[in-house]
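What follows is a set of notes on a single structure, which appears directly below.
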Amino acid sequence: MLRTLVHPLSLTAAGALFLTLLMAVFPNEALQSSLRGLSIWWHVLFPSLFPFFVISEVMLGIGIVHFFGKLLDPFMKPFFRVPGIGGFVFAMGNISGYPVGAKLTSQLREQNLISRVEGERLVAFTTSSDPIFLIGAVSVGFFQNVAVAPVLAAAHYGGGLLIGLIMRFYGRKEDQVQDSFISGHQKTAVSRSVKRSRLNQALRAMHEARLLDGRTLSRLIQDAIQTALKLMIVVGGLVVFFSVILEMLIHTGFLEGISACLRFIFELCGMPAPLADAIIFGLFEVTLGARSAGTASSVLMHQVAIAAWVLSWGGLSVHAQIASLLSKTDLRYRPLLLARLLHSFIAFILVYMLWGWLGV
């Protein structure tokens with residue numbers, strides 16, 4: 001009986017029922033929080049993510065991803081133990097922000113261009129904030145101090161690189177069966193082009209990928225737009241959902257209790273107590289957490305360190321978006337969760353290490 005009550009499905013059902021009751025008790029608050037989440041999706045996420053989703057789909061169909069993969073293979077394998085094609089995912093993930101890295105990784109896995117363990121390594125260190133949000137929204141908008149951007153970016157992206165180097169030791173036993181995940185077509189392409197220059201190999205890989213796809217450019221663009229729209233609807237739904245959850249937890253006083261405990265821990269560690277709220281908000285949603293860190297009354301260095309933690313953790317809203325993408329493949333969520341936790345604390349520490357050196 002007890003085992004049935006603590007089963008994950010039972011807990012999920014109980015949580016859903018509790019949330020429904022809260023929405024019935026606080027209908028106006030639920031509506032307003034939904035509208036706020038919808039506003040964030042429409043004004044921030046949709047215009048920033050949708051073009052990258054479409055472009056990434058087109059690039060994958062044309063074969064540009066395969067081109068860069070072959071060029072970057074000598075760099076990515078020794079350092080991160082992922083194929084060179086992961087270099088394109090790393091670049092796009094850093095430029096466009098979460099969850100683009102997870103989306104591209106899932107696509108590569110679906111096409112058997114990477115193994116499962118390689119995909120889990122790749123998504124672990126390609127999940128990051130985009131520079132526009134980090135500099136424009138956080139540094140300029142929330143902190144109103146562009147001088148914090150270099151140390152925040154160095155801690156966040158530098159921490160991501162360290163995660164990539166750490167994750168190269170993950171799943172070493174599974175590497176023994178890596179070849180079974182790579183398509184026969186890719187193996188043939190490698191064997192035929194081994195004597196060619198790296199550029200010729202890359203061009204040939206791009207050409208063969210384009211022939212294998214077979215779609216016309218107009219059809220490719222149409223499919224890319226449809227796929228991107230479906231994904232954006234999922235992203236928007238998750239943002240609205242977590243916005244409502246956060247608002248309901250605030251009105252029940254649950255978050256206030258957690259915040260009080262965290263303030264006490266912060267005081268014991270010598271950290272400013274007001275920054276505890278930024279951790280609580282950032283645990284659920286990265287935008288709210290970063291804004292809380294930037295507007296808190298505290299020492300600037302501590303505020304930036306907390307903001308780096310929030311950006312590197314990503315928030316449960318982003319985690320849910322990534323989990324929905326990974327669910328279409330055999331990639332596991334747990335390695336990503338552990339990597340996000342480790343990345344958040346690494347970025348937090350790097351802020352203090354780089355603060356004086358970068359002259360903030």
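Residues in the structure tokens are numbered from 1 in each chain, the chains being A, B, ... in the order shown, and ligands are numbered from 1 in the order shown.
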Exercise for review: Check the DSSP output for the backbone and give back, as a ChimeraX atom specification, the residues of stretch 105-314 of chain A in alpha helix (DSSP H).
Suggested key: /A:105-110,116-125,131,149-167,184-192,198-213,217-252,254-268,276-284,286-295,300-313
Practice item. Tell me, as a ChimeraX atom specification, which residues lie within 7 Å of stretch 336-343 of chain A, counting only C-alpha atoms; anything in the same chain fewer than 6 positions away does not count. Key: /A:123-124,159-160,163,312-313
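In terms of minimum interatomic distance to A:Pro335, A:Leu122 ranks closest within A:Ala209, A:Ala228, A:Leu122, A:Leu21, counting only C-alpha atoms.
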Check your understanding: Between atom CA of A:Val310 and atom CA of A:Thr127, what is the distance, to one decimal in Å?
Key -> 12.9 Å
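Between atom CA of A:Ser243 and atom CA of A:Ser33 lies a distance of 5.7 Å.
Remark: for A:Cys261, the closest of the candidate residues A:Leu35, A:Ile280, A:Asn112, A:Lys328 is A:Ile280 (distances computed over only C-alpha atoms).
Distance annotation: of A:Val351, A:Leu311, A:Leu60, A:Ala154, the residue with the minimal separation from A:Arg215 is A:Leu60; atom set is only C-alpha atoms.
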